[in-house]
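Enquirer: Coordinates in target-v7.cif, mmCIF, C-alpha atoms, pLDDT in the B column; chains and numbers go by the auth columns, are listed below.
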```cif
data_coords
#
loop_
_atom_site.group_PDB
_atom_site.id
_atom_site.type_symbol
_atom_site.label_atom_id
_atom_site.label_comp_id
_atom_site.label_asym_id
_atom_site.label_seq_id
_atom_site.Cartn_x
_atom_site.Cartn_y
_atom_site.Cartn_z
_atom_site.B_iso_or_equiv
_atom_site.auth_seq_id
_atom_site.auth_asym_id
ATOM 1 C CA LYS A 1 -7.326 4.210 -67.809 63.00 1 A
ATOM 2 C CA LYS A 2 -5.949 2.621 -64.693 74.00 2 A
ATOM 3 C CA HIS A 3 -4.297 4.726 -62.025 79.00 3 A
ATOM 4 C CA HIS A 4 -1.499 3.175 -60.040 83.00 4 A
ATOM 5 C CA ILE A 5 -0.920 4.210 -56.455 87.00 5 A
ATOM 6 C CA THR A 6 2.555 3.860 -55.011 88.00 6 A
ATOM 7 C CA ILE A 7 3.069 3.892 -51.273 89.00 7 A
ATOM 8 C CA HIS A 8 6.532 4.959 -50.139 89.00 8 A
ATOM 9 C CA ALA A 9 7.602 3.746 -46.696 90.00 9 A
ATOM 10 C CA PRO A 10 11.295 4.669 -46.387 88.00 10 A
ATOM 11 C CA PHE A 11 11.390 4.023 -42.618 88.00 11 A
ATOM 12 C CA MET A 12 9.729 0.609 -42.665 88.00 12 A
ATOM 13 C CA HIS A 13 12.926 -1.346 -42.118 91.00 13 A
ATOM 14 C CA MET A 14 14.637 1.183 -39.834 93.00 14 A
ATOM 15 C CA THR A 15 14.657 1.194 -36.055 93.00 15 A
ATOM 16 C CA LYS A 16 13.598 4.341 -34.207 92.00 16 A
ATOM 17 C CA ALA A 17 17.216 4.945 -33.219 93.00 17 A
ATOM 18 C CA GLU A 18 18.280 4.720 -36.872 94.00 18 A
ATOM 19 C CA GLU A 19 15.598 7.253 -37.752 94.00 19 A
ATOM 20 C CA VAL A 20 16.977 9.645 -35.117 93.00 20 A
ATOM 21 C CA LYS A 21 20.508 9.243 -36.482 94.00 21 A
ATOM 22 C CA LEU A 22 19.309 9.833 -40.040 94.00 22 A
ATOM 23 C CA GLY A 23 17.401 12.928 -38.928 93.00 23 A
ATOM 24 C CA LEU A 24 20.498 14.337 -37.236 92.00 24 A
ATOM 25 C CA LYS A 25 22.548 13.633 -40.364 93.00 25 A
ATOM 26 C CA LEU A 26 19.983 15.522 -42.450 93.00 26 A
ATOM 27 C CA GLY A 27 19.944 18.441 -40.014 92.00 27 A
ATOM 28 C CA VAL A 28 16.459 17.895 -38.558 92.00 28 A
ATOM 29 C CA ASP A 29 15.693 20.190 -35.607 88.00 29 A
ATOM 30 C CA PHE A 30 14.066 17.658 -33.293 87.00 30 A
ATOM 31 C CA SER A 31 13.086 20.421 -30.871 82.00 31 A
ATOM 32 C CA LEU A 32 10.372 21.284 -33.421 84.00 32 A
ATOM 33 C CA THR A 33 9.019 17.744 -33.528 86.00 33 A
ATOM 34 C CA TRP A 34 6.263 16.283 -31.373 83.00 34 A
ATOM 35 C CA THR A 35 5.602 12.677 -30.479 84.00 35 A
ATOM 36 C CA CYS A 36 3.321 12.733 -27.416 83.00 36 A
ATOM 37 C CA TYR A 37 -0.177 11.266 -27.756 84.00 37 A
ATOM 38 C CA ARG A 38 -1.579 13.642 -25.163 75.00 38 A
ATOM 39 C CA GLY A 39 -2.236 17.353 -25.351 70.00 39 A
ATOM 40 C CA GLY A 40 -0.346 19.849 -23.227 66.00 40 A
ATOM 41 C CA ASP A 41 2.457 22.349 -23.268 63.00 41 A
ATOM 42 C CA SER A 42 5.130 19.669 -22.881 66.00 42 A
ATOM 43 C CA PRO A 43 5.448 15.926 -23.585 73.00 43 A
ATOM 44 C CA CYS A 44 3.949 13.774 -20.853 72.00 44 A
ATOM 45 C CA GLY A 45 6.925 11.423 -20.844 69.00 45 A
ATOM 46 C CA THR A 46 4.767 8.422 -19.914 69.00 46 A
ATOM 47 C CA CYS A 47 2.625 7.500 -22.949 78.00 47 A
ATOM 48 C CA ASP A 48 3.820 4.771 -25.320 82.00 48 A
ATOM 49 C CA SER A 49 4.909 7.299 -27.928 86.00 49 A
ATOM 50 C CA CYS A 50 6.993 9.319 -25.453 82.00 50 A
ATOM 51 C CA LEU A 51 8.619 6.145 -24.133 80.00 51 A
ATOM 52 C CA LEU A 52 9.498 4.968 -27.637 86.00 52 A
ATOM 53 C CA ARG A 53 10.970 8.378 -28.459 87.00 53 A
ATOM 54 C CA ALA A 54 13.040 8.428 -25.264 82.00 54 A
ATOM 55 C CA LYS A 55 14.321 4.916 -25.965 84.00 55 A
ATOM 56 C CA ALA A 56 15.220 5.882 -29.555 89.00 56 A
ATOM 57 C CA PHE A 57 17.287 8.880 -28.487 86.00 57 A
ATOM 58 C CA ALA A 58 18.964 6.843 -25.741 82.00 58 A
ATOM 59 C CA GLU A 59 19.901 4.066 -28.186 88.00 59 A
ATOM 60 C CA ALA A 60 21.147 6.687 -30.657 89.00 60 A
ATOM 61 C CA GLY A 61 23.407 8.056 -27.919 84.00 61 A
ATOM 62 C CA VAL A 62 22.079 11.632 -28.042 83.00 62 A
ATOM 63 C CA ASN A 63 19.869 13.768 -25.832 78.00 63 A
ATOM 64 C CA ASP A 64 16.327 14.595 -26.859 82.00 64 A
ATOM 65 C CA PRO A 65 16.185 18.409 -27.229 79.00 65 A
ATOM 66 C CA LEU A 66 12.664 18.405 -25.764 77.00 66 A
ATOM 67 C CA THR A 67 14.073 17.281 -22.434 79.00 67 A
ATOM 68 C CA VAL A 68 17.017 18.034 -20.178 76.00 68 A
ATOM 69 C CA HIS A 69 18.730 15.316 -18.184 79.00 69 A
ATOM 70 C CA THR A 70 20.645 14.991 -14.952 86.00 70 A
ATOM 71 C CA THR A 71 22.069 12.027 -13.076 90.00 71 A
ATOM 72 C CA LYS A 72 22.695 11.390 -9.383 94.00 72 A
ATOM 73 C CA SER A 73 24.808 8.491 -8.151 95.00 73 A
ATOM 74 C CA PHE A 74 24.551 6.613 -4.856 97.00 74 A
ATOM 75 C CA LYS A 75 26.597 3.780 -3.360 97.00 75 A
ATOM 76 C CA PHE A 76 26.002 0.885 -1.003 98.00 76 A
ATOM 77 C CA GLU A 77 27.767 -2.267 0.149 98.00 77 A
ATOM 78 C CA GLY A 78 25.405 -5.228 0.203 98.00 78 A
ATOM 79 C CA ALA A 79 25.252 -8.995 0.624 98.00 79 A
ATOM 80 C CA HIS A 80 22.907 -11.557 -0.941 98.00 80 A
ATOM 81 C CA ILE A 81 22.414 -14.913 -2.598 97.00 81 A
ATOM 82 C CA VAL A 82 20.970 -14.986 -6.124 97.00 82 A
ATOM 83 C CA ARG A 83 18.948 -18.188 -6.231 96.00 83 A
ATOM 84 C CA ASN A 84 18.307 -20.092 -9.486 95.00 84 A
ATOM 85 C CA CYS A 85 21.064 -18.338 -11.445 95.00 85 A
ATOM 86 C CA THR A 86 23.522 -20.284 -13.596 96.00 86 A
ATOM 87 C CA SER A 87 26.591 -19.648 -11.442 94.00 87 A
ATOM 88 C CA GLN A 88 26.897 -22.133 -8.596 95.00 88 A
ATOM 89 C CA ARG A 89 29.012 -19.656 -6.637 94.00 89 A
ATOM 90 C CA CYS A 90 26.257 -17.035 -6.751 95.00 90 A
ATOM 91 C CA ARG A 91 23.243 -19.275 -6.148 95.00 91 A
ATOM 92 C CA GLU A 92 24.680 -21.291 -3.241 96.00 92 A
ATOM 93 C CA ASN A 93 26.893 -18.839 -1.340 97.00 93 A
ATOM 94 C CA ILE A 94 26.373 -15.597 0.523 97.00 94 A
ATOM 95 C CA HIS A 95 28.516 -12.957 -1.129 97.00 95 A
ATOM 96 C CA GLY A 96 28.640 -9.199 -1.516 97.00 96 A
ATOM 97 C CA HIS A 97 29.231 -6.352 -3.943 97.00 97 A
ATOM 98 C CA SER A 98 30.080 -2.667 -3.929 97.00 98 A
ATOM 99 C CA TYR A 99 27.067 -1.246 -5.728 98.00 99 A
ATOM 100 C CA ILE A 100 26.734 2.042 -7.587 97.00 100 A
ATOM 101 C CA VAL A 101 23.185 3.191 -8.318 97.00 101 A
ATOM 102 C CA GLU A 102 22.656 5.873 -10.967 95.00 102 A
ATOM 103 C CA VAL A 103 19.325 7.700 -11.024 95.00 103 A
ATOM 104 C CA PHE A 104 18.572 9.388 -14.363 91.00 104 A
ATOM 105 C CA ILE A 105 16.108 12.287 -14.230 92.00 105 A
ATOM 106 C CA THR A 106 14.520 14.298 -17.047 86.00 106 A
ATOM 107 C CA SER A 107 12.461 17.474 -17.225 85.00 107 A
ATOM 108 C CA ASP A 108 10.998 19.700 -19.893 77.00 108 A
ATOM 109 C CA ARG A 109 12.658 22.786 -18.401 79.00 109 A
ATOM 110 C CA LEU A 110 15.126 23.998 -15.780 81.00 110 A
ATOM 111 C CA ASP A 111 13.987 25.328 -12.425 86.00 111 A
ATOM 112 C CA ASN A 112 14.661 28.800 -11.017 89.00 112 A
ATOM 113 C CA GLY A 113 18.210 27.737 -10.162 89.00 113 A
ATOM 114 C CA TYR A 114 18.817 26.478 -13.718 86.00 114 A
ATOM 115 C CA MET A 115 18.726 22.875 -12.557 88.00 115 A
ATOM 116 C CA VAL A 116 16.537 19.935 -13.488 87.00 116 A
ATOM 117 C CA MET A 117 16.099 19.640 -9.731 90.00 117 A
ATOM 118 C CA ASP A 118 18.341 20.385 -6.775 91.00 118 A
ATOM 119 C CA PHE A 119 19.916 17.155 -5.518 92.00 119 A
ATOM 120 C CA CYS A 120 19.041 18.210 -1.962 89.00 120 A
ATOM 121 C CA ARG A 121 15.459 17.230 -2.920 90.00 121 A
ATOM 122 C CA LEU A 122 16.580 13.595 -3.214 93.00 122 A
ATOM 123 C CA LYS A 123 16.916 12.990 0.528 92.00 123 A
ATOM 124 C CA GLN A 124 14.315 10.231 0.561 93.00 124 A
ATOM 125 C CA VAL A 125 15.971 8.518 -2.414 96.00 125 A
ATOM 126 C CA LYS A 126 19.260 8.622 -0.493 96.00 126 A
ATOM 127 C CA GLU A 127 17.545 7.305 2.652 96.00 127 A
ATOM 128 C CA PHE A 128 15.997 4.451 0.705 97.00 128 A
ATOM 129 C CA ILE A 129 19.165 3.325 -1.086 98.00 129 A
ATOM 130 C CA GLU A 130 21.312 3.661 2.035 97.00 130 A
ATOM 131 C CA SER A 131 18.917 1.287 3.777 98.00 131 A
ATOM 132 C CA PHE A 132 20.623 -1.422 1.708 98.00 132 A
ATOM 133 C CA ASP A 133 24.111 -0.387 2.842 98.00 133 A
ATOM 134 C CA HIS A 134 25.875 -3.073 4.911 98.00 134 A
ATOM 135 C CA SER A 135 22.590 -4.973 4.837 98.00 135 A
ATOM 136 C CA TYR A 136 21.574 -8.435 3.721 98.00 136 A
ATOM 137 C CA SER A 137 19.034 -8.418 0.880 98.00 137 A
ATOM 138 C CA LEU A 138 16.750 -11.367 1.608 98.00 138 A
ATOM 139 C CA TRP A 139 14.462 -12.658 -1.151 98.00 139 A
ATOM 140 C CA ASN A 140 11.080 -13.252 0.453 97.00 140 A
ATOM 141 C CA ARG A 141 10.774 -16.631 -1.313 97.00 141 A
ATOM 142 C CA GLU A 142 13.617 -18.142 0.712 97.00 142 A
ATOM 143 C CA ASN A 143 12.624 -21.036 2.971 97.00 143 A
ATOM 144 C CA GLN A 144 11.759 -20.180 6.560 97.00 144 A
ATOM 145 C CA GLU A 145 14.811 -21.945 8.027 97.00 145 A
ATOM 146 C CA PHE A 146 17.160 -19.754 5.975 97.00 146 A
ATOM 147 C CA LYS A 147 15.156 -16.605 6.803 98.00 147 A
ATOM 148 C CA ASP A 148 15.422 -17.392 10.518 98.00 148 A
ATOM 149 C CA PHE A 149 19.183 -17.850 10.155 98.00 149 A
ATOM 150 C CA ILE A 150 19.620 -14.498 8.389 98.00 150 A
ATOM 151 C CA TYR A 151 17.552 -12.593 10.933 98.00 151 A
ATOM 152 C CA ARG A 152 19.293 -14.337 13.831 97.00 152 A
ATOM 153 C CA TYR A 153 22.795 -13.294 12.811 97.00 153 A
ATOM 154 C CA ASN A 154 22.200 -9.994 10.984 97.00 154 A
ATOM 155 C CA LYS A 155 20.732 -6.804 12.381 98.00 155 A
ATOM 156 C CA ARG A 156 20.441 -5.061 9.004 98.00 156 A
ATOM 157 C CA VAL A 157 18.123 -7.029 6.738 98.00 157 A
ATOM 158 C CA VAL A 158 15.901 -5.885 3.861 98.00 158 A
ATOM 159 C CA GLU A 159 13.363 -8.505 2.834 98.00 159 A
ATOM 160 C CA ILE A 160 12.460 -7.858 -0.797 98.00 160 A
ATOM 161 C CA PRO A 161 9.918 -9.279 -3.302 97.00 161 A
ATOM 162 C CA VAL A 162 12.471 -9.801 -6.095 97.00 162 A
ATOM 163 C CA SER A 163 15.590 -11.880 -6.346 96.00 163 A
ATOM 164 C CA PRO A 164 18.493 -9.543 -5.472 97.00 164 A
ATOM 165 C CA SER A 165 20.184 -9.660 -8.863 97.00 165 A
ATOM 166 C CA ALA A 166 21.292 -6.398 -10.459 97.00 166 A
ATOM 167 C CA GLU A 167 18.183 -6.601 -12.655 97.00 167 A
ATOM 168 C CA GLY A 168 15.973 -7.209 -9.635 97.00 168 A
ATOM 169 C CA TYR A 169 17.469 -4.252 -7.794 98.00 169 A
ATOM 170 C CA ALA A 170 17.074 -1.984 -10.839 98.00 170 A
ATOM 171 C CA LEU A 171 13.373 -2.845 -11.206 98.00 171 A
ATOM 172 C CA LEU A 172 12.692 -2.536 -7.479 98.00 172 A
ATOM 173 C CA PHE A 173 14.587 0.739 -7.173 98.00 173 A
ATOM 174 C CA PHE A 174 12.850 2.250 -10.199 97.00 174 A
ATOM 175 C CA TYR A 175 9.452 1.339 -8.750 97.00 175 A
ATOM 176 C CA ILE A 176 10.166 2.888 -5.336 96.00 176 A
ATOM 177 C CA ILE A 177 12.063 5.951 -6.566 96.00 177 A
ATOM 178 C CA ASP A 178 9.280 6.666 -9.049 95.00 178 A
ATOM 179 C CA GLN A 179 6.834 6.700 -6.134 94.00 179 A
ATOM 180 C CA ILE A 180 9.140 9.107 -4.282 94.00 180 A
ATOM 181 C CA PHE A 181 9.273 11.432 -7.302 92.00 181 A
ATOM 182 C CA ARG A 182 5.494 11.424 -7.621 88.00 182 A
ATOM 183 C CA HIS A 183 5.245 12.435 -3.959 88.00 183 A
ATOM 184 C CA THR A 184 7.899 15.166 -4.164 88.00 184 A
ATOM 185 C CA GLU A 185 6.413 18.665 -4.038 87.00 185 A
ATOM 186 C CA ARG A 186 7.640 21.137 -6.654 87.00 186 A
ATOM 187 C CA LEU A 187 8.988 24.154 -4.776 89.00 187 A
ATOM 188 C CA ASN A 188 11.341 26.042 -7.072 91.00 188 A
ATOM 189 C CA GLY A 189 9.772 26.275 -10.507 89.00 189 A
ATOM 190 C CA GLU A 190 10.643 22.717 -11.462 88.00 190 A
ATOM 191 C CA GLY A 191 9.172 21.461 -14.716 83.00 191 A
ATOM 192 C CA ASN A 192 7.659 18.091 -15.501 82.00 192 A
ATOM 193 C CA ILE A 193 10.261 16.071 -13.603 88.00 193 A
ATOM 194 C CA ARG A 194 10.295 12.388 -14.485 87.00 194 A
ATOM 195 C CA LEU A 195 12.391 9.413 -13.518 92.00 195 A
ATOM 196 C CA TYR A 196 13.916 8.178 -16.764 87.00 196 A
ATOM 197 C CA SER A 197 15.834 5.100 -15.616 90.00 197 A
ATOM 198 C CA VAL A 198 17.725 3.499 -12.751 95.00 198 A
ATOM 199 C CA ARG A 199 21.054 1.820 -13.418 95.00 199 A
ATOM 200 C CA VAL A 200 22.594 -0.583 -10.884 97.00 200 A
ATOM 201 C CA HIS A 201 26.289 -1.423 -11.207 97.00 201 A
ATOM 202 C CA GLU A 202 26.987 -4.710 -9.437 96.00 202 A
ATOM 203 C CA THR A 203 30.608 -4.911 -10.597 94.00 203 A
ATOM 204 C CA ALA A 204 33.064 -2.634 -12.373 93.00 204 A
ATOM 205 C CA THR A 205 32.234 -4.305 -15.684 94.00 205 A
ATOM 206 C CA GLY A 206 28.483 -4.873 -15.613 93.00 206 A
ATOM 207 C CA TYR A 207 25.215 -3.171 -14.773 95.00 207 A
ATOM 208 C CA ALA A 208 21.458 -3.560 -15.199 96.00 208 A
ATOM 209 C CA GLU A 209 19.108 -0.701 -16.084 94.00 209 A
ATOM 210 C CA ALA A 210 15.334 -0.420 -15.621 95.00 210 A
ATOM 211 C CA PHE A 211 13.076 1.903 -17.609 90.00 211 A
ATOM 212 C CA ARG A 212 9.463 2.943 -17.208 89.00 212 A
ATOM 213 C CA GLU A 213 8.164 0.274 -19.573 88.00 213 A
ATOM 214 C CA ASP A 214 9.718 -2.342 -17.275 93.00 214 A
ATOM 215 C CA LEU A 215 7.138 -1.486 -14.609 93.00 215 A
ATOM 216 C CA SER A 216 4.852 -3.903 -16.455 93.00 216 A
ATOM 217 C CA TRP A 217 6.869 -6.650 -14.736 94.00 217 A
ATOM 218 C CA VAL A 218 6.060 -5.358 -11.251 95.00 218 A
ATOM 219 C CA ASN A 219 3.861 -7.855 -9.423 94.00 219 A
ATOM 220 C CA PHE A 220 4.474 -6.617 -5.895 94.00 220 A
ATOM 221 C CA ARG A 221 3.442 -3.812 -3.546 93.00 221 A
ATOM 222 C CA MET A 222 5.411 -1.547 -1.266 94.00 222 A
ATOM 223 C CA ASP A 223 4.149 -3.591 1.696 93.00 223 A
ATOM 224 C CA ASP A 224 6.227 -6.484 0.342 96.00 224 A
ATOM 225 C CA LEU A 225 9.426 -4.656 1.374 96.00 225 A
ATOM 226 C CA LEU A 226 10.369 -5.211 5.010 97.00 226 A
ATOM 227 C CA PHE A 227 13.150 -3.288 6.753 97.00 227 A
ATOM 228 C CA SER A 228 14.626 -4.615 9.981 98.00 228 A
ATOM 229 C CA PRO A 229 14.361 -2.381 13.093 97.00 229 A
ATOM 230 C CA ASP A 230 18.080 -1.620 13.024 97.00 230 A
ATOM 231 C CA ILE A 231 17.633 -0.027 9.577 97.00 231 A
ATOM 232 C CA THR A 232 14.493 1.983 10.348 96.00 232 A
ATOM 233 C CA ALA A 233 16.044 3.244 13.591 95.00 233 A
ATOM 234 C CA GLY A 234 18.656 5.029 11.495 94.00 234 A
ATOM 235 C CA TRP A 235 16.165 6.881 9.328 93.00 235 A
ATOM 236 C CA ILE A 236 16.151 10.651 9.811 88.00 236 A
ATOM 237 C CA ASN A 237 12.389 10.755 9.288 84.00 237 A
ATOM 238 C CA GLN A 238 10.775 7.698 10.822 80.00 238 A
ATOM 239 C CA GLU A 239 7.442 8.288 9.100 87.00 239 A
ATOM 240 C CA TRP A 240 8.497 8.788 5.467 90.00 240 A
ATOM 241 C CA TRP A 241 8.030 5.155 4.415 92.00 241 A
ATOM 242 C CA ASP A 242 4.500 4.840 5.815 90.00 242 A
ATOM 243 C CA LYS A 243 3.510 8.178 4.265 89.00 243 A
ATOM 244 C CA LEU A 244 4.900 7.079 0.903 90.00 244 A
ATOM 245 C CA LYS A 245 2.957 3.817 1.022 87.00 245 A
ATOM 246 C CA THR A 246 -0.242 5.692 1.856 84.00 246 A
ATOM 247 C CA PHE A 247 0.312 8.088 -1.039 77.00 247 A
ATOM 248 C CA SER A 248 1.085 5.224 -3.412 68.00 248 A
ATOM 249 C CA TYR A 249 -2.070 3.264 -2.596 58.00 249 A
ATOM 250 C CA GLU A 250 -4.308 6.347 -2.699 55.00 250 A
ATOM 251 C CA ASN A 251 -3.081 7.142 -6.220 58.00 251 A
ATOM 252 C CA ARG A 252 -3.183 3.688 -7.788 56.00 252 A
#
```
Take the structure in the file and write it out as structure tokens.

Expert:
Amino acid sequence: KKHHITIHAPFMHMTKAEEVKLGLKLGVDFSLTWTCYRGGDSPCGTCDSCLLRAKAFAEAGVNDPLTVHTTKSFKFEGAHIVRNCTSQRCRENIHGHSYIVEVFITSDRLDNGYMVMDFCRLKQVKEFIESFDHSYSLWNRENQEFKDFIYRYNKRVVEIPVSPSAEGYALLFFYIIDQIFRHTERLNGEGNIRLYSVRVHETATGYAEAFREDLSWVNFRMDDLLFSPDITAGWINQEWWDKLKTFSYENR
């Protein structure tokens, strides 16, 4: 007598976000579920499984009950040219935007003050983003004649290793802010604080957002960012950037 085996795969043609929505509809308590590949008392937030779970909940428009979230916004006024883009206006003319940068932070628990983290701990993030305020963002692949022109007539210049599109900013900012978070000492019972994403609004109607998986596109180092003397002179702590670079390279 032959025995027939039937394999049921009800989720085969569903996205992870659709699975989350179905689970919520069926009353699943996702706080009792576990996705992380690694052992520990809380999800690591960095393995492929954790990243896929975070993306699924984000696309489903709900918070993951295993994490708590907070967001801090920053602003800067900046000028640039976005070379090689489709728009002739943008690729051939210096122009500016009023940027809003949103930093999304997650943790597995609240600190002693019932916060993910106190925003006063984000001073270096603020210092970094404000370095772009009233500055020209100069792509380091520009020709030398144009670079000389920019430096001759602008005191505030940030030379960066990505084209200064909203997407380029988001990737660059995520990379640097993630390094800042890794170097931030936990002082008040903070949990496993992680940078979830960085969203850069270039206009009132559009933004770009970078996530941890996008770090695979990073092909630059912190040394590839150059701040003009007029910018560094305004830093409260003149040594923070060099210390951060040292920490980053020691922990690669």

Enquirer: Quick one: axis-aligned box around all listed atoms of stretch 148-160 of chain A, 3 Å on every side, centre and edge lengths in Å to one decimal, written as lines of an AutoDock Vina configuration file.

Expert:
```
center_x = 17.6
center_y = -11.5
center_z = 6.5
size_x = 16.3
size_y = 18.8
size_z = 20.6
```

Enquirer: Kindly give the distance, in Å, that separates atom CA of A:Arg212 and atom CA of A:Leu195, rounded to a single decimal.

Expert: 8.0 Å

Enquirer: Give me, please, the distance in Å between atom CA of A:Glu167 and atom CA of A:Arg199, quoted to one decimal.

Expert: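 Distance between the two atoms: 8.9 Å.
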
Enquirer: I'd like the neighbourhood of A:Leu244 as a list in words, where a residue qualifies if any of its atoms comes within 12 Å (using only C-alpha atoms), though same-chain residues fewer than 6 positions away should be ignored.

Expert: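 The residues that qualify are Gln124, Val125, Phe128, Ile176, Ile177, Asp178, Gln179, Ile180, Phe181, Arg182, His183, Thr184, Arg221, Met222, Asp223, Asn237, Gln238, Glu250 and Asn251 of chain A.
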
Enquirer: Convert the output of the PyMOL selection byres ((chain A and resi 228-233) around 8) on the shown file into explicit residues, formatted as a ChimeraX atom specification.

Expert: /A:131,155-158,226-227,234-235,238

Enquirer: With all atoms listed in the file as the counted atoms, please give the residues lying no more than 10 Å from A:Leu51, apart from itself and same-chain residues fewer than 6 positions off, as a list in words.

Expert: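 So the residues in contact are Thr35, Cys36, Cys44, Gly45, Tyr196, Phe211, Arg212 and Glu213 of chain A.
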
Enquirer: Can you tell me which residues surround A:Ile150 at a distance of at most 12 Å, considering all atoms listed in the file, apart from same-chain residues fewer than 6 positions away, and format the answer as an MDAnalysis selection string?

Expert: chainID A and resid 79:81 94 135:140 142:144 156:159 228

Enquirer: For this file, the PyMOL selection byres ((chain A and resi 19) around 12) selects which residues, as an MDAnalysis selection string?

Expert: chainID A and resid 10:18 20:26 28 30 53 56:57 59:60

Enquirer: Could you turn the residues from that selection into a file that holds C-alpha atoms, as an mmCIF file, in the coordinates of the input?

Expert:
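Full text of again.cif as output:
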```cif
data_model
loop_
_atom_site.group_PDB
_atom_site.id
_atom_site.type_symbol
_atom_site.label_atom_id
_atom_site.label_comp_id
_atom_site.auth_asym_id
_atom_site.auth_seq_id
_atom_site.Cartn_x
_atom_site.Cartn_y
_atom_site.Cartn_z
ATOM 1 C CA PRO A 10 11.295 4.669 -46.387
ATOM 2 C CA PHE A 11 11.390 4.023 -42.618
ATOM 3 C CA MET A 12 9.729 0.609 -42.665
ATOM 4 C CA HIS A 13 12.926 -1.346 -42.118
ATOM 5 C CA MET A 14 14.637 1.183 -39.834
ATOM 6 C CA THR A 15 14.657 1.194 -36.055
ATOM 7 C CA LYS A 16 13.598 4.341 -34.207
ATOM 8 C CA ALA A 17 17.216 4.945 -33.219
ATOM 9 C CA GLU A 18 18.280 4.720 -36.872
ATOM 10 C CA VAL A 20 16.977 9.645 -35.117
ATOM 11 C CA LYS A 21 20.508 9.243 -36.482
ATOM 12 C CA LEU A 22 19.309 9.833 -40.040
ATOM 13 C CA GLY A 23 17.401 12.928 -38.928
ATOM 14 C CA LEU A 24 20.498 14.337 -37.236
ATOM 15 C CA LYS A 25 22.548 13.633 -40.364
ATOM 16 C CA LEU A 26 19.983 15.522 -42.450
ATOM 17 C CA VAL A 28 16.459 17.895 -38.558
ATOM 18 C CA PHE A 30 14.066 17.658 -33.293
ATOM 19 C CA ARG A 53 10.970 8.378 -28.459
ATOM 20 C CA ALA A 56 15.220 5.882 -29.555
ATOM 21 C CA PHE A 57 17.287 8.880 -28.487
ATOM 22 C CA GLU A 59 19.901 4.066 -28.186
ATOM 23 C CA ALA A 60 21.147 6.687 -30.657
#
```

Enquirer: What is the distance, in Å and to one decimal place, between atom CA of A:Asp224 and atom CA of A:His97?

Expert: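 Straight-line distance from atom CA of A:Asp224 to atom CA of A:His97 works out to 23.4 Å.
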
Enquirer: Using only C-alpha atoms, can you tell me which of A:Leu171, A:Ala9, A:Leu187, A:Ala204 comes closest to A:Gly113?

Expert: A:Leu187

Enquirer: Under the PyMOL selection byres ((chain A and resi 98-111) around 7), which residues of this model are included? Write them out as a ChimeraX atom specification.

Expert: /A:42,66-78,97,112-117,188-202

Enquirer: Just checking: using all atoms listed in the file, which residue out of A:Glu185, A:Leu32, A:His95, A:Tyr37 ends up closest to A:Leu122?

Expert: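 For A:Leu122, the nearest of the candidates is A:Glu185.
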